[in-house]
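Worksheet for the structure shown next.
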Amino acid sequence: MSAIPHTGSYYAASANDKVERARLQESIEADVCVIGAGYTGLSAALHLLELGFSVVVLDAARIGWGASGRNGGQIVNSYSRDIDTIEKTVGKEQAKLFGKMAFEGGRIIRERIAKYNISCDLKDGGVFAAMNEKQMGHLRHQKQLWESHGHMGQLELLDGKGIRSVVNTERYVGGMLDKSGGHIHPLNLALGEARAVESLGGKIFEDSAVLRVDEGDNPVVHTATGSVKAKFVVVAGNAYLGKLMPELQAKSMPCGTQVITTEPLDEDLAASLLPQDYCVEDCNYLLDYFRLSGDKRMIYGGGVVYGARDPADIESLIIPNMLKTFPQLKGVKVDYAWTGNFLLTLSRLPQVGRIGKNIYYSQGCSGHGVTYTHLAGKLIAEMLNGQATRFDAFAALPHYPFPGGHALRVPFSALGAWYYSLRDKLGV
Ligand SMILES: Cc1cc2nc3c(=O)[nH]c(=O)nc-3n(C[C@H](O)[C@H](O)[C@H](O)COP(=O)(O)OP(=O)(O)OC[C@H]3O[C@@H](n4cnc5c(N)ncnc54)[C@H](O)[C@@H]3O)c2cc1C
């Protein structure tokens with residue numbers, strides 16, 4: 001077969017399942033055609049199948065080929081902009097709904113793993129690490145905020161000694177542990193969800209790029225070698241969607257972030273770096289994120305650069321950051337380096353909505369995507385099943401195009417990255 005292969009990641013090398021699905025070669029019908037087999041598409045498909053819809057999923061490349069199979073694997077609750085920022089736009093009452101949903105994505109992931117027996121190295125516990133007192137103040141506020149929305153008993157502030165007991169570095173002044181955060185092997189989660197979709201009768205085609213969608217009462221989704229006639233279409237291509245839906249392109253921008261994975265560490269060394277096996281992200285705008293894999297490699301990510309990069313560049317970008325955090329890793333070999341795209345919006349909140357009568361989408365969660373996409377899939381399924389309240393709450397969030405339109409989106413993002421890295425360096 002000729003499907004675009006997975007990126008050269010540690011995850012692709014350690015995938016549970018290397019079975020390739022067929023390319024769509026016929027004209028078929030289903031209640032719902034989902035474009036994109038990442039978490040958004042797979043979560044929507046699985047929830048829809050559970051509700052009794054028939055579903056076909058099409059991916060241009062492979063299941064989990066996009067961000068869902070390449071990410072840091074960190075289960076991070078809430079949204080890229082927090083509930084207090086959302087409240088300023090939607091008001092107090094509606095903000096309560098967002099507050100209620102803020103930890104749901106992580107619960108959906110755990111429920112999926114348990115229900116469908118998905119083997120993906122799930123570990124509980126995520127740490128937000130503060131580089132300075134200002135960030136620590138932000139974490140105190142975040143704890144209060146999340147608790148005020150009912151998320152009690154999960155969060156624990158860590159002082160200097162506390163954070164060193166869970167991350168063996170001098171870099172942080174403190175942090176916050178979210179016991180309902182955690183980490184997974186992201187590609188194996190996607191592959192497990194795909195198997196669950198198929199176990200419920202859903203069909204998944206790989207190597208099946210959607211080239212055109214004909215709108216209408218029964219929209220038709222076309223690939224080069226087949227088509228799907230459906231009652232509803234779900235667009236879940238996120239940062240890899242390209243120009244398929246021009247109305248979705250203007251208000252978002254694909255950004256690359258890079259990850260490296262070391263060789264397996266000596267067990268004592270691994271346990272000394274992250275004694276509780278929590279995942280960690282710092283509180284910078286351009287953040288570092290890291291954790292141990294199931295086989296005790298250090299998986300370290302960071303940097304936001306537009307577009308693809310070659311692995312040697314990625315190593316020179318990320319290794320210095322990793323050694324700043326863990327000088328103990330000097331001399332350890334890096335086995336894998338890769339890049340992946342997530343989708344940034346100007347508000348950093350997801351874009352959710354409907355095109356025409358029956359084409360639904362969610363994209364652009366700008367971070368926190370592992371949890372949000374799982375929630376998004378459920379909200380889309382609710383919407384198609386006649387329960388619109390939660391979907392509509394997201395759909396009502398305002399979005400604006402990037403200044404300068406297409407031509408200036410990349411320079412604008414480079415300027416933004418420079419500005420944020422300066423703020424991080426100055427600690428403001
Ligand atoms: C390197 C990296 C690290 C990250 N780390 C984290 C993290 O630790 N925690 C966190 O919460 N978030 C993280 N994220 C973000 C998170 O991974 C994403 O937000 C999330 O996976 C997006 O899922 P998705 O299904 O919307 O899109 P994707 O997973 O990108 O899936 C989109 C799919 O659509 C397909 N597609 C696109 N166009 C078409 C078409 N025309 N026809 C058919 N198929 C099409 C693509 O092939 C792709 O498989 C990270 C992202 C990256 C890139």
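Following the order of the structure tokens, first chain is A, next is B, and so on, with residues numbered from 1 inside each chain and ligands from 1 in the order they appear.
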
Please find the residues contacting ligand 1 at a distance of at most 7 Å between atoms, with only C-alpha atoms and all ligand atoms counted, and report them as a PyMOL selection string. chain A and resi 35-41+58-76+208-211+236-242+244+256-259+289+301+339-342+363+365-371+373

Every residue of stretch 174-385 of chain A that DSSP places in alpha helix (DSSP H), as JSON, numbers by chain: {"A": [186, 187, 188, 189, 190, 191, 192, 193, 194, 195, 196, 197, 198, 199, 246, 247, 248, 249, 267, 268, 269, 270, 271, 272, 273, 311, 312, 313, 314, 315, 316, 317, 318, 319, 320, 321, 322, 323, 324, 325, 369, 370, 371, 372, 373, 374, 375, 376, 377, 378, 379, 380, 381, 382, 383, 384]}

With distances taken over only C-alpha atoms, which residue among A:Gly99, A:Gly294, A:Pro186, A:Pro275 lies nearest A:His149?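 The closest residue to A:His149 is A:Gly99.
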
Spatial neighbours of A:Gln276, 12 Å, only C-alpha atoms, chain gap at least 4 places, as an MDAnalysis selection string: chainID A and resid 123:127 162:168 177 179 182 270:272 280 291:292

Find the residue from A:Tyr285, A:Tyr400, A:Tyr336, A:Tyr172 that sits nearest to A:Ala13; use only C-alpha atoms when measuring.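 Ranking A:Tyr285, A:Tyr400, A:Tyr336, A:Tyr172 by distance to A:Ala13, first place goes to A:Tyr336.
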
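Using only C-alpha atoms for every distance, the candidate list A:Glu263, A:Glu206, A:Asp178, A:Asp392 yields A:Glu206 as the residue closest to A:Thr223.
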